[in-house]
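Coordinates as given in work-v1.pdb (PDB, C-alpha atoms):
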ATOM      1  CA  MET A   1     -19.272  69.626 -24.282
ATOM      2  CA  ARG A   2     -15.875  70.316 -22.784
ATOM      3  CA  GLY A   3     -12.677  71.272 -24.506
ATOM      4  CA  PRO A   4      -9.170  70.547 -23.324
ATOM      5  CA  ASP A   5      -8.884  73.950 -21.665
ATOM      6  CA  SER A   6     -12.323  74.195 -20.156
ATOM      7  CA  LEU A   7     -13.015  74.279 -16.457
ATOM      8  CA  PRO A   8     -15.845  72.305 -14.877
ATOM      9  CA  PRO A   9     -19.076  74.213 -14.284
ATOM     10  CA  GLY A  10     -18.942  76.716 -11.452
ATOM     11  CA  GLN A  11     -15.129  76.695 -11.159
ATOM     12  CA  ARG A  12     -12.652  79.585 -11.529
ATOM     13  CA  ALA A  13      -8.897  79.337 -11.903
ATOM     14  CA  VAL A  14      -6.642  80.587  -9.094
ATOM     15  CA  PRO A  15      -2.837  80.791  -9.149
ATOM     16  CA  ASN A  16      -2.101  78.339  -6.348
ATOM     17  CA  PHE A  17      -3.581  75.880  -3.857
ATOM     18  CA  ILE A  18      -5.558  77.152  -0.918
ATOM     19  CA  ILE A  19      -4.510  75.037   2.065
ATOM     20  CA  TYR A  20      -7.206  73.444   4.191
ATOM     21  CA  ARG A  21      -6.478  71.432   7.341
ATOM     22  CA  ILE A  22      -9.903  70.971   8.827
ATOM     23  CA  LEU A  23      -8.630  68.679  11.591
ATOM     24  CA  GLY A  24      -5.261  70.375  11.986
ATOM     25  CA  GLN A  25      -1.773  69.533  10.793
ATOM     26  CA  PRO A  26      -0.796  65.991  11.821
ATOM     27  CA  GLU A  27       2.742  65.160  12.816
ATOM     28  CA  VAL A  28       4.394  62.751  10.429
ATOM     29  CA  ASP A  29       7.208  60.410  11.403
ATOM     30  CA  ILE A  30       8.220  59.063   8.030
ATOM     31  CA  ASN A  31      10.161  56.187   9.582
ATOM     32  CA  SER A  32       7.129  54.789  11.340
ATOM     33  CA  TRP A  33       4.485  55.890   8.802
ATOM     34  CA  ARG A  34       2.857  53.052   6.911
ATOM     35  CA  LEU A  35       0.152  52.964   4.285
ATOM     36  CA  ARG A  36      -2.226  50.111   4.941
ATOM     37  CA  VAL A  37      -4.556  48.695   2.307
ATOM     38  CA  LEU A  38      -7.202  46.565   3.944
ATOM     39  CA  GLY A  39     -10.877  45.727   4.309
ATOM     40  CA  ASP A  40     -12.618  43.421   1.865
ATOM     41  CA  VAL A  41      -9.470  42.361   0.031
ATOM     42  CA  SER A  42      -7.752  39.054  -0.639
ATOM     43  CA  LYS A  43      -4.361  40.403   0.260
ATOM     44  CA  PRO A  44      -4.030  43.168   2.873
ATOM     45  CA  LEU A  45      -0.965  45.285   2.206
ATOM     46  CA  THR A  46       1.383  47.514   4.134
ATOM     47  CA  TYR A  47       3.797  49.933   2.505
ATOM     48  CA  ALA A  48       6.567  52.058   3.952
ATOM     49  CA  TYR A  49       7.369  55.316   2.193
ATOM     50  CA  GLU A  50      10.471  53.774   0.649
ATOM     51  CA  ASP A  51       8.376  50.915  -0.716
ATOM     52  CA  LEU A  52       6.102  53.356  -2.513
ATOM     53  CA  LEU A  53       8.963  55.350  -3.982
ATOM     54  CA  LYS A  54      10.208  52.156  -5.611
ATOM     55  CA  ILE A  55       6.919  51.494  -7.399
ATOM     56  CA  VAL A  56       6.144  54.974  -8.724
ATOM     57  CA  ASP A  57       4.647  54.387 -12.140
ATOM     58  CA  THR A  58       2.563  57.417 -13.019
ATOM     59  CA  SER A  59       3.159  61.041 -13.926
ATOM     60  CA  TYR A  60       0.785  63.443 -15.623
ATOM     61  CA  VAL A  61      -0.515  66.974 -15.665
ATOM     62  CA  SER A  62      -4.029  67.614 -14.425
ATOM     63  CA  ASP A  63      -6.098  70.383 -12.888
ATOM     64  CA  PHE A  64      -7.201  70.274  -9.249
ATOM     65  CA  HIS A  65     -10.731  71.344  -8.387
ATOM     66  CA  CYS A  66     -11.939  72.377  -4.941
ATOM     67  CA  VAL A  67     -15.646  72.068  -4.240
ATOM     68  CA  THR A  68     -15.705  75.645  -2.970
ATOM     69  CA  GLY A  69     -15.154  76.770  -6.557
ATOM     70  CA  TRP A  70     -11.440  77.320  -7.123
ATOM     71  CA  SER A  71      -9.258  75.295  -9.470
ATOM     72  CA  VAL A  72      -5.501  75.107  -9.935
ATOM     73  CA  ARG A  73      -4.569  74.418 -13.519
ATOM     74  CA  GLY A  74      -1.698  72.340 -14.842
ATOM     75  CA  VAL A  75      -0.500  70.572 -11.709
ATOM     76  CA  VAL A  76       2.139  67.879 -12.251
ATOM     77  CA  TRP A  77       1.271  64.757 -10.292
ATOM     78  CA  GLU A  78       3.610  61.821  -9.693
ATOM     79  CA  GLY A  79       3.043  58.688  -7.703
ATOM     80  CA  VAL A  80       1.636  55.204  -7.696
ATOM     81  CA  SER A  81      -1.443  54.444  -9.732
ATOM     82  CA  LEU A  82      -4.365  53.409  -7.566
ATOM     83  CA  ARG A  83      -4.986  50.584  -9.998
ATOM     84  CA  LYS A  84      -1.615  49.122  -9.055
ATOM     85  CA  LEU A  85      -2.629  49.049  -5.390
ATOM     86  CA  VAL A  86      -5.968  47.528  -6.354
ATOM     87  CA  MET A  87      -4.320  44.814  -8.414
ATOM     88  CA  GLU A  88      -2.009  43.972  -5.539
ATOM     89  CA  ALA A  89      -4.714  43.905  -2.875
ATOM     90  CA  GLN A  90      -7.352  42.144  -5.008
ATOM     91  CA  PRO A  91     -10.623  43.503  -3.619
ATOM     92  CA  LEU A  92     -13.344  40.919  -3.087
ATOM     93  CA  LYS A  93     -16.362  40.629  -5.330
ATOM     94  CA  GLY A  94     -19.062  43.066  -4.279
ATOM     95  CA  VAL A  95     -16.770  45.880  -3.148
ATOM     96  CA  GLU A  96     -18.432  49.176  -4.066
ATOM     97  CA  TRP A  97     -16.715  51.782  -1.903
ATOM     98  CA  VAL A  98     -13.257  52.813  -0.835
ATOM     99  CA  TYR A  99     -12.996  54.489   2.540
ATOM    100  CA  VAL A 100      -9.853  56.531   3.091
ATOM    101  CA  ARG A 101      -8.548  57.373   6.548
ATOM    102  CA  SER A 102      -5.794  59.914   7.159
ATOM    103  CA  LEU A 103      -3.312  60.528   9.948
ATOM    104  CA  ASP A 104      -5.385  63.449  11.223
ATOM    105  CA  LYS A 105      -8.460  61.152  11.412
ATOM    106  CA  TYR A 106      -9.973  62.824   8.354
ATOM    107  CA  THR A 107     -11.998  60.382   6.299
ATOM    108  CA  THR A 108     -13.621  60.336   2.896
ATOM    109  CA  VAL A 109     -15.435  57.768   0.799
ATOM    110  CA  ILE A 110     -14.922  57.148  -2.924
ATOM    111  CA  PRO A 111     -16.992  54.922  -5.225
ATOM    112  CA  TYR A 112     -14.905  51.930  -6.230
ATOM    113  CA  GLU A 113     -15.549  52.578  -9.926
ATOM    114  CA  ASP A 114     -14.026  56.049  -9.581
ATOM    115  CA  PHE A 115     -11.144  54.835  -7.432
ATOM    116  CA  ILE A 116     -10.030  52.497 -10.209
ATOM    117  CA  ASP A 117     -10.208  55.220 -12.862
ATOM    118  CA  GLU A 118      -7.070  55.015 -14.997
ATOM    119  CA  ARG A 119      -5.929  58.439 -13.762
ATOM    120  CA  GLY A 120      -6.374  57.756 -10.044
ATOM    121  CA  ILE A 121      -3.079  58.142  -8.231
ATOM    122  CA  LEU A 122      -1.523  57.945  -4.805
ATOM    123  CA  ALA A 123       0.455  61.139  -5.227
ATOM    124  CA  LEU A 124       3.914  61.387  -3.681
ATOM    125  CA  ARG A 125       5.134  64.421  -5.609
ATOM    126  CA  ILE A 126       3.483  67.600  -6.871
ATOM    127  CA  ASN A 127       5.090  69.912  -9.421
ATOM    128  CA  GLY A 128       8.396  68.079  -9.266
ATOM    129  CA  ARG A 129       8.810  68.008  -5.498
ATOM    130  CA  PRO A 130       7.800  65.637  -2.715
ATOM    131  CA  LEU A 131       4.527  66.685  -1.139
ATOM    132  CA  SER A 132       4.953  69.353   1.505
ATOM    133  CA  LEU A 133       3.499  68.651   4.931
ATOM    134  CA  GLU A 134       0.694  71.069   4.143
ATOM    135  CA  GLN A 135      -0.028  69.259   0.889
ATOM    136  CA  GLY A 136      -0.324  65.902   2.616
ATOM    137  CA  PHE A 137       3.168  64.429   2.905
ATOM    138  CA  PRO A 138       3.908  61.574   2.583
ATOM    139  CA  ALA A 139       0.997  60.634   0.303
ATOM    140  CA  ARG A 140      -2.369  61.867  -0.847
ATOM    141  CA  ILE A 141      -5.042  60.499  -3.110
ATOM    142  CA  PHE A 142      -5.765  62.321  -6.357
ATOM    143  CA  ILE A 143      -8.508  61.457  -8.836
ATOM    144  CA  PRO A 144      -8.763  64.217 -11.461
ATOM    145  CA  HIS A 145     -12.518  64.100 -12.046
ATOM    146  CA  LEU A 146     -13.450  64.254  -8.361
ATOM    147  CA  TYR A 147     -13.533  67.336  -6.129
ATOM    148  CA  GLY A 148     -10.584  67.911  -3.839
ATOM    149  CA  TRP A 149     -12.197  66.734  -0.623
ATOM    150  CA  LYS A 150     -11.868  63.200  -2.025
ATOM    151  CA  SER A 151      -8.141  63.868  -2.436
ATOM    152  CA  ALA A 152      -7.336  62.922   1.155
ATOM    153  CA  LYS A 153      -3.979  64.121   2.454
ATOM    154  CA  TRP A 154      -1.691  62.272   4.901
ATOM    155  CA  VAL A 155      -3.249  58.985   3.865
ATOM    156  CA  ALA A 156      -2.841  56.155   6.359
ATOM    157  CA  GLU A 157      -5.454  53.589   5.378
ATOM    158  CA  ILE A 158      -7.262  52.634   2.197
ATOM    159  CA  ILE A 159     -10.187  50.413   3.110
ATOM    160  CA  PHE A 160     -12.190  48.516   0.502
ATOM    161  CA  THR A 161     -15.751  47.859   1.567
ATOM    162  CA  LYS A 162     -19.108  46.655   0.358
ATOM    163  CA  GLU A 163     -20.988  49.001   2.677
ATOM    164  CA  TYR A 164     -21.289  52.760   2.287
ATOM    165  CA  LYS A 165     -20.268  54.916   5.217
ATOM    166  CA  ASP A 166     -20.023  58.716   5.281
ATOM    167  CA  GLY A 167     -16.608  60.294   5.571
ATOM    168  CA  TYR A 168     -16.066  63.731   7.090
ATOM    169  CA  TRP A 169     -17.578  65.984   4.437
ATOM    170  CA  GLU A 170     -20.100  63.406   3.279
ATOM    171  CA  ALA A 171     -21.487  63.450   6.820
ATOM    172  CA  LEU A 172     -21.925  67.185   6.376
ATOM    173  CA  GLY A 173     -24.076  66.787   3.295
ATOM    174  CA  TYR A 174     -21.478  66.628   0.547
ATOM    175  CA  HIS A 175     -21.879  64.206  -2.334
ATOM    176  CA  SER A 176     -20.934  60.531  -2.104
ATOM    177  CA  ARG A 177     -19.134  60.746  -5.473
ATOM    178  CA  GLY A 178     -18.241  64.407  -6.103
ATOM    179  CA  ASN A 179     -17.773  64.351  -9.884
ATOM    180  CA  VAL A 180     -16.603  67.815 -10.954
ATOM    181  CA  TRP A 181     -18.100  67.631 -14.453
ATOM    182  CA  ARG A 182     -21.506  66.690 -13.110
ATOM    183  CA  GLU A 183     -21.119  69.328 -10.394
ATOM    184  CA  GLU A 184     -21.882  66.806  -7.679
ATOM    185  CA  ARG A 185     -21.205  69.113  -4.762
ATOM    186  CA  PHE A 186     -24.013  68.178  -2.394
ATOM    187  CA  LYS A 187     -26.066  65.044  -1.886
TER
ATOM    188  CA  MET B   1     -39.693  69.800   6.268
ATOM    189  CA  GLU B   2     -38.171  66.401   6.925
ATOM    190  CA  CYS B   3     -35.169  65.993   9.202
ATOM    191  CA  TRP B   4     -32.863  63.136  10.078
ATOM    192  CA  LEU B   5     -30.714  62.976  13.178
ATOM    193  CA  SER B   6     -27.457  61.053  13.135
ATOM    194  CA  SER B   7     -24.162  60.739  14.994
ATOM    195  CA  PRO B   8     -21.569  60.145  12.280
ATOM    196  CA  GLU B   9     -18.360  58.517  13.422
ATOM    197  CA  ALA B  10     -16.482  60.551  10.810
ATOM    198  CA  LEU B  11     -17.194  63.805  12.656
ATOM    199  CA  ALA B  12     -16.132  62.621  16.106
ATOM    200  CA  PRO B  13     -12.552  63.921  15.613
ATOM    201  CA  LYS B  14     -14.036  67.386  15.258
ATOM    202  CA  GLY B  15     -16.043  66.992  18.465
ATOM    203  CA  ILE B  16     -19.355  66.857  16.639
ATOM    204  CA  LYS B  17     -21.919  64.626  18.313
ATOM    205  CA  PHE B  18     -25.123  65.177  16.351
ATOM    206  CA  VAL B  19     -26.021  66.062  12.786
ATOM    207  CA  PHE B  20     -29.455  67.250  11.734
ATOM    208  CA  LEU B  21     -30.008  67.000   8.002
ATOM    209  CA  CYS B  22     -33.237  68.559   6.765
ATOM    210  CA  SER B  23     -34.776  68.743   3.337
ATOM    211  CA  HIS B  24     -37.678  70.963   2.432
ATOM    212  CA  GLU B  25     -39.587  72.545  -0.376
ATOM    213  CA  PRO B  26     -37.386  75.094  -2.211
ATOM    214  CA  LYS B  27     -37.877  78.571  -0.789
ATOM    215  CA  ASP B  28     -36.717  81.847  -2.357
ATOM    216  CA  ILE B  29     -33.849  83.508  -0.520
ATOM    217  CA  PHE B  30     -33.045  87.048  -1.550
ATOM    218  CA  PHE B  31     -32.319  88.576   1.848
ATOM    219  CA  ILE B  32     -30.898  87.176   5.068
ATOM    220  CA  GLU B  33     -34.255  88.033   6.617
ATOM    221  CA  ASP B  34     -35.822  85.409   4.368
ATOM    222  CA  LEU B  35     -34.052  82.779   6.482
ATOM    223  CA  HIS B  36     -35.156  84.042   9.893
ATOM    224  CA  GLU B  37     -38.325  81.994  10.082
ATOM    225  CA  HIS B  38     -36.499  78.907   8.880
ATOM    226  CA  ALA B  39     -33.758  79.414  11.467
ATOM    227  CA  SER B  40     -36.394  79.607  14.196
ATOM    228  CA  LEU B  41     -38.071  76.420  12.991
ATOM    229  CA  ILE B  42     -34.785  74.542  12.947
ATOM    230  CA  SER B  43     -33.894  75.877  16.372
ATOM    231  CA  GLU B  44     -37.196  74.726  17.858
ATOM    232  CA  PHE B  45     -36.921  71.349  16.172
ATOM    233  CA  MET B  46     -33.424  70.714  17.498
ATOM    234  CA  SER B  47     -34.312  71.900  20.988
ATOM    235  CA  ARG B  48     -37.312  69.594  21.097
ATOM    236  CA  THR B  49     -35.470  66.606  19.652
ATOM    237  CA  LEU B  50     -32.483  66.909  21.959
ATOM    238  CA  GLY B  51     -34.655  67.712  24.954
ATOM    239  CA  VAL B  52     -33.023  71.009  25.751
ATOM    240  CA  GLY B  53     -34.522  74.460  25.814
ATOM    241  CA  ASP B  54     -33.449  77.713  24.286
ATOM    242  CA  LEU B  55     -31.186  76.719  21.447
ATOM    243  CA  LYS B  56     -30.622  79.905  19.499
ATOM    244  CA  VAL B  57     -29.564  79.926  15.847
ATOM    245  CA  VAL B  58     -27.830  83.190  14.925
ATOM    246  CA  PHE B  59     -26.607  84.249  11.472
ATOM    247  CA  SER B  60     -22.818  84.256  11.161
ATOM    248  CA  ASP B  61     -21.736  84.599   7.516
ATOM    249  CA  ASN B  62     -22.224  83.186   4.057
ATOM    250  CA  GLU B  63     -19.950  81.899   1.310
ATOM    251  CA  VAL B  64     -20.275  80.873  -2.286
ATOM    252  CA  ILE B  65     -19.701  77.262  -3.362
ATOM    253  CA  GLY B  66     -19.060  77.095  -7.081
ATOM    254  CA  SER B  67     -21.171  79.720  -8.803
ATOM    255  CA  ASP B  68     -24.695  78.598  -8.011
ATOM    256  CA  TYR B  69     -24.588  77.494  -4.379
ATOM    257  CA  ILE B  70     -24.454  79.744  -1.336
ATOM    258  CA  LEU B  71     -23.979  78.433   2.175
ATOM    259  CA  TYR B  72     -25.533  80.547   4.895
ATOM    260  CA  SER B  73     -23.808  79.742   8.160
ATOM    261  CA  TYR B  74     -25.415  80.163  11.536
ATOM    262  CA  LYS B  75     -24.024  79.620  15.005
ATOM    263  CA  VAL B  76     -26.009  77.622  17.521
ATOM    264  CA  PHE B  77     -25.989  78.792  21.132
ATOM    265  CA  HIS B  78     -27.228  77.079  24.257
ATOM    266  CA  GLY B  79     -27.471  79.546  27.087
ATOM    267  CA  GLY B  80     -24.565  81.759  26.132
ATOM    268  CA  ASP B  81     -22.407  78.906  24.918
ATOM    269  CA  TYR B  82     -21.565  78.184  21.307
ATOM    270  CA  VAL B  83     -22.543  74.553  20.777
ATOM    271  CA  GLY B  84     -22.882  74.087  17.040
ATOM    272  CA  THR B  85     -23.318  75.323  13.525
ATOM    273  CA  CYS B  86     -26.076  75.335  10.945
ATOM    274  CA  ARG B  87     -25.495  75.609   7.232
ATOM    275  CA  PHE B  88     -28.437  76.421   5.019
ATOM    276  CA  VAL B  89     -27.753  75.470   1.405
ATOM    277  CA  ALA B  90     -29.233  77.652  -1.324
ATOM    278  CA  TYR B  91     -29.052  76.744  -5.005
ATOM    279  CA  CYS B  92     -29.762  79.596  -7.407
ATOM    280  CA  ASN B  93     -31.205  81.563  -4.477
ATOM    281  CA  LYS B  94     -33.527  78.795  -3.387
ATOM    282  CA  LEU B  95     -33.109  77.182   0.001
ATOM    283  CA  ILE B  96     -32.891  73.443  -0.625
ATOM    284  CA  LYS B  97     -31.276  71.854   2.405
ATOM    285  CA  SER B  98     -30.265  72.521   5.992
ATOM    286  CA  LEU B  99     -27.542  70.862   7.961
ATOM    287  CA  CYS B 100     -26.796  71.527  11.601
ATOM    288  CA  THR B 101     -24.109  70.085  13.822
ATOM    289  CA  ILE B 102     -24.155  69.984  17.600
ATOM    290  CA  SER B 103     -20.865  69.471  19.322
ATOM    291  CA  SER B 104     -19.579  67.835  22.496
ATOM    292  CA  GLY B 105     -21.445  66.818  25.630
ATOM    293  CA  ILE B 106     -22.481  70.324  26.598
ATOM    294  CA  VAL B 107     -26.087  69.779  25.604
ATOM    295  CA  PHE B 108     -26.550  66.665  27.668
ATOM    296  CA  GLU B 109     -24.657  67.931  30.672
ATOM    297  CA  ARG B 110     -27.287  70.590  30.985
ATOM    298  CA  SER B 111     -30.317  68.599  30.011
TER
END
Whole structure, structure tokens version:
Amino acid sequence: MRGPDSLPPGQRAVPNFIIYRILGQPEVDINSWRLRVLGDVSKPLTYAYEDLLKIVDTSYVSDFHCVTGWSVRGVVWEGVSLRKLVMEAQPLKGVEWVYVRSLDKYTTVIPYEDFIDERGILALRINGRPLSLEQGFPARIFIPHLYGWKSAKWVAEIIFTKEYKDGYWEALGYHSRGNVWREERFK
Amino acid sequence: MECWLSSPEALAPKGIKFVFLCSHEPKDIFFIEDLHEHASLISEFMSRTLGVGDLKVVFSDNEVIGSDYILYSYKVFHGGDYVGTCRFVAYCNKLIKSLCTISSGIVFERS
């Protein structure tokens, strides 16, 4: 049983984010950057950064959990709910996975049922400020109950699909879902 | 021990060509030495599968994941060249899984 202040099993609180850039720091030209929502959807979408700022609808406080074992408590997240993007794009029947591709070519895969969790967000701001480059500017995924490797930074494409395909860490043995409360670290 | 060889598209940006994922019966790991035999087995298996000789798997470091998992990292050398990495996953001090990556075209250029 977990209380409001409890950490998931195997996690310890640290004062701030540890920055990982496994494929390096991508350059971001915010004028040409676009978020594309595509794949098995009725309505493929393309958003500029300004478009997303206009539809920000979500703000909450939630902890961030890295699979290596550290957690940052009480992070303020602001952005666009993933459900809003889903409702706009209208995924086709049978979609089970969401494949996320970033500017640095990093990829990860998220079960559709987790992607549409009510707290899933395309984060544009953290702790009251726009994302820094190191934190994934202009946009990163955040789903509170999944480990941080699912929280792809520098998001470029959100691809709905019926077929499972490993992303970067999944190809290295990490879990297809990564639920922090079930401690789904490895496959 | 059962192993699967794959070439995941997701790892191409990192220059990784092959992934060996092996599962095996849990084995107690209390000292690094407890992994030596396993490292040799993996090395021989990869060498044979890729058709190259003398892949050497050498202990590098280890790190904790959460509170119950420890990753033991090994470097893979071909000749004197660093060509990949192995990570042996231990849960509560039992080896449960091995994952090795082989990078670039170095292996095949020399095969």
Practice problem: Taking the file as shown, find all residues satisfying the PyMOL selection byres ((chain A and resi 146) around 7) and write them as an MDAnalysis selection string. | Solution: chainID A and resid 143:145 147:148 150 178:180
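Here atom CA of B:Asp61 is placed at a distance of 5.3 Å from atom CA of B:Ser73.
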Exercise. I need the residue set behind the ChimeraX specification (/A :<12) & /B for this file; please write it as number ranges by chain.
Key: B: 4-23, 63-71, 85-92, 96-102
Quiz item: What is the atom CA of A:Lys93-atom CA of A:Ile55 distance in Å, reported with one decimal?
Solution: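 About the pair atom CA of A:Lys93 and atom CA of A:Ile55: they are 25.8 Å apart.
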Quiz prompt | Nearest to A:Leu124, chosen from A:Asp57, A:Glu50, A:Asp40, A:Glu78, with only C-alpha atoms counted in the distances | solution =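 So, comparing all the options, the nearest one is A:Glu78.
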Can you complete the atoms of stretch 80-93 of chain B to N, CA, C and O atoms and list them as a PDB file, in the coordinates of the input?
ATOM      1  N   GLY B  80     -25.461  80.869  26.868  1.00  0.00           N
ATOM      2  CA  GLY B  80     -24.565  81.759  26.132  1.00  0.00           C
ATOM      3  C   GLY B  80     -23.470  81.013  25.397  1.00  0.00           C
ATOM      4  O   GLY B  80     -22.584  81.634  24.804  1.00  0.00           O
ATOM      5  N   ASP B  81     -23.523  79.690  25.461  1.00  0.00           N
ATOM      6  CA  ASP B  81     -22.407  78.906  24.918  1.00  0.00           C
ATOM      7  C   ASP B  81     -22.626  78.516  23.461  1.00  0.00           C
ATOM      8  O   ASP B  81     -23.720  78.094  23.071  1.00  0.00           O
ATOM      9  N   TYR B  82     -21.554  78.612  22.712  1.00  0.00           N
ATOM     10  CA  TYR B  82     -21.565  78.184  21.307  1.00  0.00           C
ATOM     11  C   TYR B  82     -21.489  76.661  21.273  1.00  0.00           C
ATOM     12  O   TYR B  82     -20.530  76.063  21.757  1.00  0.00           O
ATOM     13  N   VAL B  83     -22.500  76.021  20.738  1.00  0.00           N
ATOM     14  CA  VAL B  83     -22.543  74.553  20.777  1.00  0.00           C
ATOM     15  C   VAL B  83     -22.664  73.914  19.394  1.00  0.00           C
ATOM     16  O   VAL B  83     -22.692  72.692  19.282  1.00  0.00           O
ATOM     17  N   GLY B  84     -22.742  74.721  18.341  1.00  0.00           N
ATOM     18  CA  GLY B  84     -22.882  74.087  17.040  1.00  0.00           C
ATOM     19  C   GLY B  84     -23.022  75.081  15.905  1.00  0.00           C
ATOM     20  O   GLY B  84     -22.912  76.297  16.096  1.00  0.00           O
ATOM     21  N   THR B  85     -23.243  74.528  14.754  1.00  0.00           N
ATOM     22  CA  THR B  85     -23.318  75.323  13.525  1.00  0.00           C
ATOM     23  C   THR B  85     -24.459  74.814  12.648  1.00  0.00           C
ATOM     24  O   THR B  85     -24.703  73.614  12.600  1.00  0.00           O
ATOM     25  N   CYS B  86     -25.122  75.717  11.989  1.00  0.00           N
ATOM     26  CA  CYS B  86     -26.076  75.335  10.945  1.00  0.00           C
ATOM     27  C   CYS B  86     -25.604  75.903   9.621  1.00  0.00           C
ATOM     28  O   CYS B  86     -25.102  77.027   9.570  1.00  0.00           O
ATOM     29  N   ARG B  87     -25.759  75.111   8.581  1.00  0.00           N
ATOM     30  CA  ARG B  87     -25.495  75.609   7.232  1.00  0.00           C
ATOM     31  C   ARG B  87     -26.757  75.398   6.412  1.00  0.00           C
ATOM     32  O   ARG B  87     -27.239  74.272   6.284  1.00  0.00           O
ATOM     33  N   PHE B  88     -27.270  76.495   5.887  1.00  0.00           N
ATOM     34  CA  PHE B  88     -28.437  76.421   5.019  1.00  0.00           C
ATOM     35  C   PHE B  88     -27.939  76.538   3.585  1.00  0.00           C
ATOM     36  O   PHE B  88     -27.244  77.493   3.224  1.00  0.00           O
ATOM     37  N   VAL B  89     -28.263  75.546   2.774  1.00  0.00           N
ATOM     38  CA  VAL B  89     -27.753  75.470   1.405  1.00  0.00           C
ATOM     39  C   VAL B  89     -28.779  76.044   0.439  1.00  0.00           C
ATOM     40  O   VAL B  89     -29.915  75.561   0.372  1.00  0.00           O
ATOM     41  N   ALA B  90     -28.357  77.069  -0.310  1.00  0.00           N
ATOM     42  CA  ALA B  90     -29.233  77.652  -1.324  1.00  0.00           C
ATOM     43  C   ALA B  90     -28.630  77.390  -2.699  1.00  0.00           C
ATOM     44  O   ALA B  90     -27.420  77.549  -2.893  1.00  0.00           O
ATOM     45  N   TYR B  91     -29.474  76.964  -3.619  1.00  0.00           N
ATOM     46  CA  TYR B  91     -29.052  76.744  -5.005  1.00  0.00           C
ATOM     47  C   TYR B  91     -29.838  77.701  -5.882  1.00  0.00           C
ATOM     48  O   TYR B  91     -31.081  77.670  -5.892  1.00  0.00           O
ATOM     49  N   CYS B  92     -29.117  78.561  -6.584  1.00  0.00           N
ATOM     50  CA  CYS B  92     -29.762  79.596  -7.407  1.00  0.00           C
ATOM     51  C   CYS B  92     -30.800  80.360  -6.589  1.00  0.00           C
ATOM     52  O   CYS B  92     -31.942  80.545  -7.021  1.00  0.00           O
ATOM     53  N   ASN B  93     -30.378  80.749  -5.378  1.00  0.00           N
ATOM     54  CA  ASN B  93     -31.205  81.563  -4.477  1.00  0.00           C
ATOM     55  C   ASN B  93     -32.470  80.865  -3.987  1.00  0.00           C
ATOM     56  O   ASN B  93     -33.446  81.519  -3.630  1.00  0.00           O
TER      57      ASN B  93
END
